[in-house]
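Colleague: For reference, the file data_31.txt (compact mmCIF, C-alpha atoms and all ligand atoms) is included below:
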# COMPACT_ATOMS: atom_id res chain seq x y z
CA MET A 1 110.71 86.62 77.95
CA LYS A 2 111.77 89.71 79.94
CA ARG A 3 113.56 89.01 83.21
CA ILE A 4 112.66 91.51 85.89
CA ALA A 5 114.04 92.60 89.24
CA ILE A 6 111.48 94.16 91.58
CA LEU A 7 113.07 96.43 94.17
CA GLY A 8 110.41 96.75 96.86
CA ALA A 9 108.49 93.65 95.78
CA THR A 10 106.48 93.47 99.02
CA GLY A 11 104.96 96.95 98.63
CA SER A 12 101.85 98.20 96.88
CA ILE A 13 103.54 98.78 93.49
CA GLY A 14 105.62 95.61 93.88
CA LYS A 15 102.43 93.56 94.27
CA SER A 16 100.88 95.16 91.19
CA VAL A 17 103.99 94.25 89.20
CA CYS A 18 103.66 90.66 90.41
CA ALA A 19 100.02 90.68 89.29
CA ILE A 20 101.12 91.69 85.78
CA ALA A 21 103.71 88.90 85.79
CA ASP A 22 100.92 86.48 86.83
CA GLN A 23 98.74 87.68 83.98
CA PHE A 24 101.49 87.29 81.37
CA PRO A 25 103.52 84.25 82.50
CA ASP A 26 105.06 83.76 79.04
CA GLU A 27 106.29 87.34 78.86
CA PHE A 28 107.91 87.94 82.25
CA ARG A 29 110.02 86.05 84.73
CA ILE A 30 110.71 87.55 88.15
CA THR A 31 114.35 86.74 88.74
CA ALA A 32 115.17 89.07 91.64
CA ILE A 33 113.14 90.63 94.47
CA SER A 34 113.82 92.76 97.52
CA ALA A 35 112.08 93.67 100.75
CA ASN A 36 113.04 95.88 103.64
CA THR A 37 111.69 94.17 106.76
CA ASN A 38 108.56 92.31 105.65
CA ILE A 39 110.03 88.83 105.77
CA ASP A 40 106.68 86.99 105.70
CA SER A 41 105.60 88.60 102.43
CA LEU A 42 109.07 88.04 101.01
CA ARG A 43 108.90 84.33 101.90
CA ALA A 44 105.51 84.05 100.16
CA LEU A 45 106.93 85.67 97.02
CA ILE A 46 109.94 83.35 97.06
CA THR A 47 107.66 80.31 97.27
CA LYS A 48 105.52 81.58 94.39
CA TYR A 49 108.13 82.94 91.98
CA ARG A 50 111.33 81.04 92.85
CA PRO A 51 113.59 84.03 92.07
CA ALA A 52 117.30 83.39 91.59
CA SER A 53 118.23 86.28 93.87
CA VAL A 54 116.72 88.01 96.86
CA ALA A 55 117.71 90.98 99.05
CA ILE A 56 116.54 91.76 102.58
CA LEU A 57 117.85 94.47 104.88
CA ASP A 58 118.42 92.42 108.00
CA GLU A 59 121.58 90.29 108.06
CA THR A 60 120.17 87.69 110.50
CA GLU A 61 117.03 87.22 108.41
CA SER A 62 119.13 86.87 105.29
CA VAL A 63 121.20 84.09 106.86
CA LYS A 64 117.99 82.32 107.95
CA LEU A 65 116.50 82.69 104.48
CA GLN A 66 119.63 81.36 102.81
CA GLY A 67 119.50 78.36 105.15
CA GLU A 68 115.91 77.64 104.11
CA HIS A 69 116.89 77.74 100.42
CA THR A 70 119.98 75.68 99.93
CA GLY A 71 119.42 75.41 96.16
CA ASN A 72 120.58 78.07 93.74
CA MET A 73 118.81 81.05 95.29
CA LYS A 74 121.25 83.69 96.48
CA VAL A 75 120.30 85.96 99.40
CA PHE A 76 121.89 89.40 99.77
CA SER A 77 121.54 91.66 102.79
CA GLY A 78 122.07 95.19 104.08
CA SER A 79 121.56 98.37 102.06
CA LYS A 80 124.14 96.98 99.59
CA GLY A 81 121.94 93.89 99.03
CA ILE A 82 119.59 95.76 96.71
CA MET A 83 122.53 97.15 94.76
CA GLU A 84 123.77 93.59 94.16
CA LEU A 85 120.46 92.60 92.53
CA ILE A 86 120.64 95.36 89.92
CA ASN A 87 123.63 94.22 87.93
CA LEU A 88 122.83 90.50 87.83
CA PRO A 89 123.10 89.08 84.29
CA ASP A 90 119.60 87.55 84.51
CA VAL A 91 117.96 90.98 85.02
CA ASP A 92 116.77 92.86 81.91
CA ILE A 93 114.49 95.45 83.57
CA VAL A 94 114.83 96.95 87.03
CA ILE A 95 111.55 98.02 88.59
CA ASN A 96 112.24 100.57 91.28
CA ALA A 97 109.24 100.28 93.59
CA LEU A 98 111.10 101.40 96.71
CA VAL A 99 109.68 104.21 98.77
CA GLY A 100 111.59 107.36 99.70
CA PHE A 101 115.23 108.42 99.51
CA ALA A 102 116.26 104.75 99.70
CA GLY A 103 115.32 104.54 96.02
CA VAL A 104 117.79 107.17 94.80
CA ALA A 105 121.03 105.15 94.84
CA PRO A 106 119.44 102.06 93.18
CA THR A 107 118.12 104.26 90.33
CA ILE A 108 121.59 105.65 89.76
CA ARG A 109 123.16 102.21 89.98
CA ALA A 110 120.68 100.78 87.46
CA ILE A 111 121.57 103.53 84.99
CA GLU A 112 125.29 103.00 85.55
CA CYS A 113 124.77 99.29 84.85
CA GLY A 114 122.91 100.14 81.63
CA LYS A 115 119.64 98.51 82.77
CA THR A 116 116.24 99.73 81.60
CA ILE A 117 114.36 101.14 84.59
CA ALA A 118 110.63 101.13 85.21
CA LEU A 119 110.48 103.91 87.77
CA ALA A 120 107.82 104.18 90.46
CA ASN A 121 110.14 105.67 93.10
CA LYS A 122 109.33 109.34 92.54
CA GLU A 123 111.77 110.49 95.22
CA SER A 124 114.67 109.55 92.89
CA LEU A 125 113.81 112.33 90.47
CA VAL A 126 112.77 114.78 93.18
CA VAL A 127 116.15 114.53 94.89
CA ALA A 128 118.48 114.06 91.92
CA GLY A 129 116.40 114.58 88.76
CA GLU A 130 118.94 116.57 86.81
CA ILE A 131 121.83 114.25 87.61
CA ILE A 132 119.79 111.11 86.92
CA MET A 133 118.42 112.30 83.57
CA GLU A 134 121.84 113.48 82.44
CA LEU A 135 123.38 110.13 83.41
CA ALA A 136 120.58 108.25 81.64
CA ARG A 137 121.21 110.29 78.47
CA ARG A 138 124.94 109.56 78.62
CA LYS A 139 124.43 105.84 79.24
CA ASN A 140 121.57 105.65 76.74
CA VAL A 141 119.30 104.12 79.38
CA ARG A 142 115.52 104.31 79.13
CA ILE A 143 113.52 105.43 82.17
CA LEU A 144 109.95 104.19 81.85
CA PRO A 145 107.57 106.15 84.12
CA ILE A 146 105.16 104.03 86.16
CA ASP A 147 103.55 106.83 88.15
CA SER A 148 100.08 107.02 86.58
CA GLU A 149 100.21 110.77 85.81
CA HIS A 150 103.59 110.57 84.09
CA ASN A 151 102.65 107.40 82.32
CA ALA A 152 99.57 109.25 81.03
CA ILE A 153 101.66 112.19 79.80
CA TRP A 154 104.10 109.79 78.16
CA GLN A 155 101.16 108.19 76.30
CA CYS A 156 99.81 111.63 75.26
CA LEU A 157 103.21 112.63 73.88
CA VAL A 158 103.60 109.66 71.53
CA GLY A 159 104.05 111.03 68.00
CA GLU A 160 104.29 114.66 69.18
CA GLU A 161 107.19 117.08 68.85
CA ALA A 162 108.51 118.67 72.04
CA SER A 163 108.24 122.15 70.47
CA GLY A 164 104.46 121.71 70.14
CA VAL A 165 103.89 121.19 73.88
CA ARG A 166 102.45 124.26 75.62
CA ARG A 167 102.02 122.73 79.08
CA ILE A 168 101.46 119.58 81.05
CA ILE A 169 98.40 119.30 83.28
CA LEU A 170 98.80 116.86 86.17
CA THR A 171 95.50 115.74 87.64
CA ALA A 172 95.10 115.29 91.40
CA SER A 173 92.27 113.47 93.12
CA GLY A 174 92.41 116.05 95.91
CA GLY A 175 92.89 113.32 98.51
CA PRO A 176 90.69 112.56 101.51
CA PHE A 177 90.48 116.21 102.67
CA LEU A 178 89.37 117.85 99.45
CA TYR A 179 86.12 119.06 101.02
CA ALA A 180 87.32 119.21 104.66
CA SER A 181 87.55 122.45 106.64
CA ASN A 182 90.97 123.93 107.42
CA ALA A 183 90.50 123.03 111.11
CA ALA A 184 89.65 119.41 110.25
CA VAL A 185 92.76 119.18 108.06
CA GLU A 186 95.00 120.62 110.78
CA ASN A 187 93.93 117.93 113.25
CA ALA A 188 93.25 115.01 110.90
CA THR A 189 93.96 111.58 112.35
CA VAL A 190 96.25 108.98 110.81
CA ASP A 191 93.30 106.78 109.84
CA GLU A 192 91.52 109.68 108.16
CA ALA A 193 94.66 110.68 106.28
CA LEU A 194 95.33 107.12 105.10
CA ASN A 195 91.77 106.75 103.83
CA HIS A 196 92.35 107.77 100.22
CA PRO A 197 89.08 108.01 98.27
CA LYS A 198 90.40 106.57 95.00
CA TRP A 199 93.74 104.78 95.28
CA LYS A 200 94.98 101.97 97.55
CA MET A 201 98.66 102.73 98.07
CA GLY A 202 101.55 102.47 100.54
CA ARG A 203 101.38 104.52 103.74
CA LYS A 204 103.89 107.22 102.81
CA ILE A 205 102.37 108.10 99.44
CA SER A 206 98.89 108.00 100.99
CA ILE A 207 99.87 110.73 103.45
CA ASP A 208 101.62 112.64 100.65
CA SER A 209 98.37 112.49 98.70
CA ALA A 210 96.44 113.85 101.67
CA THR A 211 98.80 116.86 102.03
CA LEU A 212 99.09 117.30 98.21
CA MET A 213 102.86 116.95 98.63
CA ASN A 214 102.48 113.96 96.33
CA LYS A 215 101.35 116.29 93.54
CA GLY A 216 104.27 118.59 94.31
CA LEU A 217 106.69 115.66 94.05
CA GLU A 218 105.05 114.77 90.74
CA VAL A 219 105.67 118.30 89.43
CA HIS A 220 109.38 117.67 90.08
CA GLU A 221 109.16 114.25 88.41
CA ALA A 222 107.48 115.75 85.34
CA ARG A 223 110.03 118.56 85.15
CA TRP A 224 112.85 116.05 84.71
CA LEU A 225 111.12 113.26 82.79
CA PHE A 226 109.74 115.61 80.14
CA ASP A 227 112.39 118.34 80.32
CA LEU A 228 109.89 121.15 80.89
CA PRO A 229 110.26 124.17 83.20
CA ALA A 230 108.02 124.33 86.27
CA HIS A 231 105.83 127.12 84.83
CA LYS A 232 104.75 124.71 82.07
CA ILE A 233 103.56 122.12 84.60
CA ASP A 234 100.13 122.79 86.09
CA VAL A 235 98.05 120.89 88.60
CA ILE A 236 94.29 120.54 88.46
CA VAL A 237 92.06 118.71 90.91
CA HIS A 238 89.90 116.03 89.32
CA PRO A 239 88.12 114.10 92.10
CA GLN A 240 86.98 111.18 89.91
CA SER A 241 90.61 110.25 89.03
CA ILE A 242 89.58 109.00 85.60
CA VAL A 243 91.67 111.45 83.57
CA HIS A 244 95.18 110.52 84.65
CA SER A 245 96.80 113.65 83.19
CA MET A 246 96.81 115.82 80.08
CA VAL A 247 99.04 117.66 77.65
CA GLU A 248 98.04 120.98 76.08
CA PHE A 249 99.62 121.72 72.71
CA ALA A 250 100.52 125.00 71.00
CA ASP A 251 97.28 125.03 68.95
CA GLY A 252 95.07 124.74 72.05
CA SER A 253 94.33 121.02 71.65
CA ILE A 254 94.45 119.00 74.84
CA LYS A 255 95.16 115.27 74.85
CA ALA A 256 94.20 113.23 77.90
CA GLN A 257 94.68 109.63 78.95
CA LEU A 258 91.73 108.06 80.75
CA GLY A 259 91.50 104.78 82.59
CA VAL A 260 90.44 102.95 85.72
CA THR A 261 92.21 103.73 88.99
CA ASP A 262 94.43 100.66 88.92
CA MET A 263 98.22 100.89 88.89
CA LYS A 264 98.37 97.70 86.81
CA LEU A 265 97.41 99.78 83.77
CA PRO A 266 100.46 102.14 83.75
CA ILE A 267 102.75 99.32 84.87
CA GLN A 268 101.60 97.12 81.99
CA TYR A 269 102.08 99.97 79.50
CA ALA A 270 105.64 100.54 80.74
CA LEU A 271 106.60 96.86 80.78
CA PHE A 272 105.32 96.17 77.26
CA TYR A 273 106.34 99.50 75.74
CA PRO A 274 106.26 100.11 72.75
CA GLN A 275 103.65 97.36 72.35
CA ARG A 276 100.12 97.46 73.75
CA LYS A 277 98.78 94.17 75.09
CA GLY A 278 95.18 93.25 75.74
CA ASN A 279 93.87 92.58 79.22
CA GLU A 280 90.45 92.00 80.68
CA THR A 281 90.86 93.76 84.02
CA CYS A 282 91.39 97.43 83.21
CA ARG A 283 88.11 98.35 81.50
CA LEU A 284 86.55 101.78 81.96
CA ASP A 285 82.80 102.05 81.39
CA LEU A 286 82.25 105.68 80.42
CA SER A 287 78.48 105.21 80.39
CA LEU A 288 78.68 104.87 84.18
CA MET A 289 80.52 108.20 84.55
CA ARG A 290 77.93 110.82 85.38
CA GLU A 291 80.45 113.64 85.46
CA LEU A 292 84.12 114.43 85.17
CA THR A 293 84.89 117.59 87.13
CA PHE A 294 87.96 119.81 87.44
CA MET A 295 88.92 122.59 89.86
CA PRO A 296 92.06 124.46 90.86
CA PRO A 297 94.00 123.15 93.90
CA ASP A 298 93.63 125.01 97.21
CA LYS A 299 97.23 126.00 97.92
CA ILE A 300 96.27 127.72 101.20
CA LYS A 301 94.66 124.62 102.70
CA PHE A 302 97.44 122.43 101.23
CA PRO A 303 100.68 124.47 101.48
CA CYS A 304 102.89 121.50 100.51
CA LEU A 305 102.08 121.95 96.83
CA GLN A 306 103.45 125.52 96.74
CA LEU A 307 106.45 124.47 98.87
CA ALA A 308 107.29 121.87 96.23
CA TYR A 309 107.06 124.45 93.42
CA ASP A 310 109.26 126.82 95.46
CA ALA A 311 111.90 124.12 96.02
CA LEU A 312 111.91 123.30 92.31
CA ASP A 313 112.39 126.99 91.45
CA ALA A 314 115.19 127.29 94.00
CA GLY A 315 117.01 124.24 92.57
CA GLY A 316 120.33 122.99 93.95
CA THR A 317 119.81 120.98 97.12
CA ALA A 318 116.41 122.58 97.91
CA PRO A 319 114.40 119.62 96.46
CA ALA A 320 116.49 117.16 98.54
CA ILE A 321 115.74 119.27 101.64
CA LEU A 322 112.04 119.32 100.77
CA ASN A 323 112.02 115.56 100.31
CA ALA A 324 113.95 114.67 103.47
CA ALA A 325 111.92 117.02 105.67
CA ASN A 326 108.72 115.61 104.21
CA GLU A 327 109.82 111.99 104.79
CA MET A 328 110.69 112.78 108.40
CA ALA A 329 107.45 114.68 109.01
CA VAL A 330 105.29 111.98 107.40
CA GLU A 331 106.94 109.28 109.48
CA ALA A 332 106.45 111.33 112.66
CA PHE A 333 102.80 111.87 111.77
CA LEU A 334 102.26 108.17 111.07
CA ASN A 335 103.83 107.45 114.48
CA LYS A 336 101.39 109.97 116.01
CA LYS A 337 104.17 112.26 117.22
CA ILE A 338 102.99 115.40 115.37
CA ARG A 339 99.74 116.77 113.98
CA PHE A 340 98.81 116.54 110.30
CA GLY A 341 99.10 120.33 110.09
CA ASP A 342 102.69 120.15 111.33
CA ILE A 343 103.84 118.40 108.14
CA PRO A 344 103.99 121.51 105.91
CA ARG A 345 105.35 123.60 108.79
CA ILE A 346 108.29 121.21 109.25
CA VAL A 347 109.01 121.20 105.50
CA GLU A 348 108.85 125.00 105.36
CA SER A 349 111.18 125.35 108.38
CA ALA A 350 113.68 122.96 106.82
CA LEU A 351 113.64 124.83 103.50
CA ALA A 352 114.34 128.06 105.40
CA GLY A 353 116.80 126.62 107.91
CA VAL A 354 118.99 124.07 106.13
CA HIS A 355 121.94 125.50 104.21
CA ARG A 356 121.46 125.15 100.42
CA GLN A 357 124.15 124.35 97.90
CA PRO A 358 124.45 123.68 94.17
CA ALA A 359 123.47 120.11 93.31
CA SER A 360 126.06 117.35 93.15
CA LEU A 361 125.62 113.79 94.35
CA GLU A 362 127.72 114.60 97.43
CA SER A 363 125.81 117.78 98.29
CA LEU A 364 122.44 116.07 97.78
CA TYR A 365 123.35 113.24 100.14
CA ALA A 366 124.72 115.77 102.66
CA ALA A 367 121.52 117.86 102.39
CA ASP A 368 119.44 114.74 103.01
CA GLY A 369 121.40 113.93 106.17
CA GLU A 370 121.45 117.53 107.48
CA THR A 371 117.73 117.92 106.89
CA ARG A 372 116.93 114.72 108.75
CA THR A 373 118.86 116.00 111.78
CA PHE A 374 117.19 119.42 111.48
CA ALA A 375 113.70 117.92 111.17
CA SER A 376 114.20 115.44 113.97
CA ASN A 377 115.09 118.32 116.30
CA ILE A 378 111.88 120.14 115.38
CA ILE A 379 109.87 116.96 115.87
CA HIS A 380 111.57 116.32 119.22
CA ASN A 381 110.76 119.87 120.36
CA ALA A 382 107.17 119.53 119.14
CA ILE A 383 106.77 116.39 121.26
CA ALA A 384 108.36 118.06 124.29
CA ALA A 385 106.14 121.16 124.01
P1 LIG A 401 105.11 100.68 99.89
O1 LIG A 401 105.40 101.31 101.19
O2 LIG A 401 103.83 99.95 99.73
O3 LIG A 401 106.30 99.68 99.49
C1 LIG A 401 107.63 100.07 99.58
C2 LIG A 401 108.54 98.91 99.29
O4 LIG A 401 109.89 99.34 99.51
C3 LIG A 401 108.34 97.70 100.20
O5 LIG A 401 108.72 96.55 99.50
C4 LIG A 401 109.31 97.97 101.33
O6 LIG A 401 109.72 96.77 102.00
C5 LIG A 401 110.48 98.57 100.59
N1 LIG A 401 111.23 99.51 101.41
C6 LIG A 401 110.75 100.48 102.23
N2 LIG A 401 111.75 101.19 102.80
C7 LIG A 401 112.89 100.65 102.34
C8 LIG A 401 114.27 100.91 102.58
N3 LIG A 401 114.67 101.89 103.40
N4 LIG A 401 115.18 100.15 101.95
C9 LIG A 401 114.80 99.16 101.12
N5 LIG A 401 113.51 98.85 100.85
C10 LIG A 401 112.57 99.59 101.45
O7 LIG A 401 105.23 101.85 98.81
P2 LIG A 401 104.44 101.99 97.43
O8 LIG A 401 104.50 100.73 96.67
O9 LIG A 401 103.12 102.62 97.68
O10 LIG A 401 105.30 103.11 96.70
C11 LIG A 401 106.58 102.84 96.15
C12 LIG A 401 107.01 104.05 95.32
O11 LIG A 401 106.13 104.18 94.21
C13 LIG A 401 106.95 105.39 96.07
O12 LIG A 401 107.97 106.23 95.64
C14 LIG A 401 105.60 105.96 95.65
O13 LIG A 401 105.58 107.36 95.73
C15 LIG A 401 105.53 105.48 94.21
N6 LIG A 401 104.17 105.34 93.68
C16 LIG A 401 103.29 104.52 94.30
C17 LIG A 401 101.99 104.37 93.83
C18 LIG A 401 101.03 103.42 94.46
O14 LIG A 401 99.90 103.26 93.95
N7 LIG A 401 101.36 102.75 95.55
C19 LIG A 401 101.53 105.17 92.66
C20 LIG A 401 102.56 105.95 92.05
C21 LIG A 401 103.82 106.05 92.56
P3 LIG A 401 108.88 96.17 103.28
O15 LIG A 401 107.59 95.70 102.71
O16 LIG A 401 109.75 95.09 103.77
O17 LIG A 401 108.72 97.32 104.23
For the file at hand, write its structure as structure tokens.

Modeller:
Amino acid sequence: MKRIAILGATGSIGKSVCAIADQFPDEFRITAISANTNIDSLRALITKYRPASVAILDETESVKLQGEHTGNMKVFSGSKGIMELINLPDVDIVINALVGFAGVAPTIRAIECGKTIALANKESLVVAGEIIMELARRKNVRILPIDSEHNAIWQCLVGEEASGVRRIILTASGGPFLYASNAAVENATVDEALNHPKWKMGRKISIDSATLMNKGLEVHEARWLFDLPAHKIDVIVHPQSIVHSMVEFADGSIKAQLGVTDMKLPIQYALFYPQRKGNETCRLDLSLMRELTFMPPDKIKFPCLQLAYDALDAGGTAPAILNAANEMAVEAFLNKKIRFGDIPRIVESALAGVHRQPASLESLYAADGETRTFASNIIHNAIAA
């Protein structure tokens, strides 16, 4: 029985993890869960899973929740609440399903505590990939990738030597605007941008998928997870989203992992690794696939992808600047304060305007804060104009 903590249990990935726990009740027990503000979903999860520990951001809500559960359940609150869950003795695996920069510190804490991490929070590796991977090596902690592309690459690399890898090929669905005109993309509405053709995901990653920033963030993730330079990580658009990613080897062979578009598949692989378990829900019927197509990404229509490569090449605090500016811009777009086309412009301005430094935990946190101030000024001016 593996005891799991789900950070971000009320989100899209969090719910898929719960579904795996439901499917394999003898294998997993959910002992700790967190939410940010979604108290109703958190209450429902508490009723269903009876976790020993819970974290919620709001202090008042945490006091209320503790009052409702006078038994053994402990409720933590504030941004420190999540950190408390990580080192509990009844937690074997930490699943980081938080969204955004908020996931960085919990990833680092989990490694420091020597806990195995199943990592969905891609922003952790974007912001602090080098530091996190180095710390994980030192502490001998395993980071199990949940993101479907990285999970696919991980599966393709089993039994292979690193020296035989020529390149990684990340597949991208292309998002909702793959076939849209440049003008339509510039002025896309929130509903259009959230309407992903293949995946049902949280709001932030859905917008990232529409701008292709998501693929750029995944290039960063792959760089650190698989210790490959950026020029060995390519992106190809594959609208059917059946091939989840590929690895090309020195002899020209390409291995791919295929599967349905259901995050339960990579999550299950990570949670049972190195075993494979049967399930009845993730079946792919290839006879129904009329075609599997591939095309290069349009980096002019979707400038975020190139911006992400540029930030990775620049190194230091540039990826943290990219990430913070993107988070700010995506939030402003979701709140209908800026246009869809403003997102890459804000990221580009931040990369040009925020002072860069070599990477250390202090400088990365400072860059995040400075970029948020910088971006919020641009957003404020955009609204005023
Ligand atoms: P969601 O927005 O659906 O869920 C995010 C979770 O984190 C929620 O539980 C939310 O709580 C909590 N949360 C949000 N902000 C904070 C904060 N500041 N502090 C603490 N908790 C917070 O996101 P997803 O599940 O879609 O994505 C999670 C991560 O996984 C992202 O990094 C994403 O890029 C990555 N990922 C997601 C995939 C998907 O299919 N969804 C696929 C591959 C990767 P509350 O509900 O209370 O707001």

Colleague: Please identify every polymer residue within 9 Å of ligand LIG 401 (chain A), using only C-alpha atoms and all ligand atoms, and present the set as JSON, numbers by chain.

Modeller: {"A": [6, 7, 8, 9, 10, 11, 12, 13, 14, 15, 16, 33, 34, 35, 36, 37, 38, 39, 40, 41, 42, 55, 56, 57, 78, 79, 82, 96, 97, 98, 99, 100, 101, 102, 103, 119, 120, 121, 122, 123, 124, 146, 147, 148, 149, 199, 200, 201, 202, 203, 204, 205, 206, 208, 214, 217, 218, 262, 263]}

Colleague: Quick one: residues within 7 Å of stretch 294-301 of chain A, only C-alpha atoms counted, chain neighbours fewer than 3 positions away excluded, as a list in words?

Modeller: Asn182, Ile236, Val237, His238, Leu305 and Gln306 of chain A

Colleague: Next, the residues of the selection above should be written as a CSV table (one decimal), keeping the file's coordinate frame with C-alpha atoms.

Modeller:
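Output contents, as saved in out_28.csv:
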chain,number,residue,atom,x,y,z
A,182,ASN,CA,91.0,123.9,107.4
A,236,ILE,CA,94.3,120.5,88.5
A,237,VAL,CA,92.1,118.7,90.9
A,238,HIS,CA,89.9,116.0,89.3
A,305,LEU,CA,102.1,122.0,96.8
A,306,GLN,CA,103.4,125.5,96.7

Colleague: Let me know the centre plus edge lengths, in Å and rounded to one decimal, of a box with edges along x, y and z that contains all listed atoms of stretch 4-12 of chain A and is padded by 5 Å on every side, as JSON.

Modeller:
{"center_x": 107.9, "center_y": 94.9, "center_z": 92.5, "size_x": 22.2, "size_y": 16.7, "size_z": 23.1}

Colleague: Give as a list in words every residue, naming chains and numbers as the document does, that has an atom within 6 Å of (98.9, 119.3, 93.2), counting only C-alpha atoms.

Modeller: Ala172, Leu212, Lys215, Gly216, Val235 and Leu305 of chain A

Colleague: So that I can see what lies close to stretch 307-315 of chain A, please list as a list in words the residues with an atom at most 8 Å from it, counting only C-alpha atoms and leaving out residues fewer than 5 positions away in the same chain.

Modeller: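 My reading of the contact set: Met213, Gly216, Leu217, Val219, His220, Ala230, Leu322, Val347, Glu348, Leu351, Pro358 and Ala359 of chain A.
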
Colleague: Just the selected residues (C-alpha atoms), exported as a PDB file, in the coordinates of the input, please.

Modeller:
ATOM      1  CA  MET A 213     102.860 116.950  98.630  1.00  0.00           C
ATOM      2  CA  GLY A 216     104.270 118.590  94.310  1.00  0.00           C
ATOM      3  CA  LEU A 217     106.690 115.660  94.050  1.00  0.00           C
ATOM      4  CA  VAL A 219     105.670 118.300  89.430  1.00  0.00           C
ATOM      5  CA  HIS A 220     109.380 117.670  90.080  1.00  0.00           C
ATOM      6  CA  ALA A 230     108.020 124.330  86.270  1.00  0.00           C
ATOM      7  CA  LEU A 322     112.040 119.320 100.770  1.00  0.00           C
ATOM      8  CA  VAL A 347     109.010 121.200 105.500  1.00  0.00           C
ATOM      9  CA  GLU A 348     108.850 125.000 105.360  1.00  0.00           C
ATOM     10  CA  LEU A 351     113.640 124.830 103.500  1.00  0.00           C
ATOM     11  CA  PRO A 358     124.450 123.680  94.170  1.00  0.00           C
ATOM     12  CA  ALA A 359     123.470 120.110  93.310  1.00  0.00           C
TER      13      ALA A 359
END

Colleague: Mind giving me the straight-line distance from atom CA of A:Lys2 to atom CA of A:Pro274 in Å, one decimal?

Modeller: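 So the answer is 13.8 Å.
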
Colleague: Counting all atoms listed in the file, note down every residue that has an atom within 9 Å of the point (114.3, 97.5, 84.7) (file coordinates), as a PDB file with C-alpha atoms, in the coordinates of the input.

Modeller:
ATOM      1  CA  ARG A   3     113.560  89.010  83.210  1.00  0.00           C
ATOM      2  CA  ILE A   4     112.660  91.510  85.890  1.00  0.00           C
ATOM      3  CA  ALA A   5     114.040  92.600  89.240  1.00  0.00           C
ATOM      4  CA  ILE A   6     111.480  94.160  91.580  1.00  0.00           C
ATOM      5  CA  ILE A  86     120.640  95.360  89.920  1.00  0.00           C
ATOM      6  CA  VAL A  91     117.960  90.980  85.020  1.00  0.00           C
ATOM      7  CA  ASP A  92     116.770  92.860  81.910  1.00  0.00           C
ATOM      8  CA  ILE A  93     114.490  95.450  83.570  1.00  0.00           C
ATOM      9  CA  VAL A  94     114.830  96.950  87.030  1.00  0.00           C
ATOM     10  CA  ILE A  95     111.550  98.020  88.590  1.00  0.00           C
ATOM     11  CA  ASN A  96     112.240 100.570  91.280  1.00  0.00           C
ATOM     12  CA  ALA A 110     120.680 100.780  87.460  1.00  0.00           C
ATOM     13  CA  LYS A 115     119.640  98.510  82.770  1.00  0.00           C
ATOM     14  CA  THR A 116     116.240  99.730  81.600  1.00  0.00           C
ATOM     15  CA  ILE A 117     114.360 101.140  84.590  1.00  0.00           C
ATOM     16  CA  ALA A 118     110.630 101.130  85.210  1.00  0.00           C
ATOM     17  CA  LEU A 119     110.480 103.910  87.770  1.00  0.00           C
ATOM     18  CA  ARG A 142     115.520 104.310  79.130  1.00  0.00           C
ATOM     19  CA  ILE A 143     113.520 105.430  82.170  1.00  0.00           C
ATOM     20  CA  LEU A 144     109.950 104.190  81.850  1.00  0.00           C
ATOM     21  CA  LEU A 271     106.600  96.860  80.780  1.00  0.00           C
TER      22      LEU A 271
END

Colleague: Check the smallest atom-to-atom distance from each of A:Arg138, A:Ser376, A:Pro344, A:Leu361 to A:Ala105 using only C-alpha atoms, then report the winner.

Modeller: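 For A:Ala105, the nearest of the candidates is A:Leu361.
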
Colleague: Between A:Asp227, A:Gly129, A:Ile168, A:Asn87, which one has atoms that come closest to A:Cys113, using only C-alpha atoms?

Modeller: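 Among the listed residues, the smallest separation from A:Cys113 belongs to A:Asn87.
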
Colleague: Kindly give the distance, in Å, that separates atom CA of A:Val127 and atom CA of A:Gly316, rounded to a single decimal.

Modeller: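 Here the two named atoms are 9.5 Å from each other.
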
Colleague: Pick out the closest residue to A:Asn140 from this set: A:Gly114, A:Thr31, A:Glu280, A:Asp234. Count all atoms listed in the file.

Modeller: A:Gly114

Colleague: I'd like to know which of A:Asp22, A:Glu160, A:Glu291, A:Glu186 is closest to A:Lys255, using all atoms listed in the file.

Modeller: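 Of all the options, A:Glu160 lies closest to A:Lys255.
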
Colleague: What is the atom CA of A:Ser62-atom CA of A:Ile111 distance in Å, reported with one decimal?

Modeller: 26.4 Å

Colleague: Considering all atoms listed in the file, state which residue in the set A:Ala270, A:Ala250, A:Val243, A:Met289 is at the smallest distance from A:Ala162.

Modeller: A:Ala250

Colleague: Which residue gives the smallest distance to A:Gly259 among A:Glu221, A:Ala152, A:Ile169, A:Asn323, with all atoms listed in the file counted?

Modeller: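 Closest residue, counting all atoms listed in the file: A:Ala152.
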
Colleague: List as number ranges by chain the protein and nucleic acid residues near A:Val190, meaning an atom at most 10 Å away when all atoms listed in the file are counted, but skip any in the same chain fewer than 5 places from it.

Modeller: A: 195, 203, 207, 333-336, 339-340

Colleague: Might you pull out every residue within 9 Å of A:Ile132, with all atoms listed in the file counted and same-chain residues fewer than 4 positions away left off, and present them as a count of residues only?

Modeller: 9
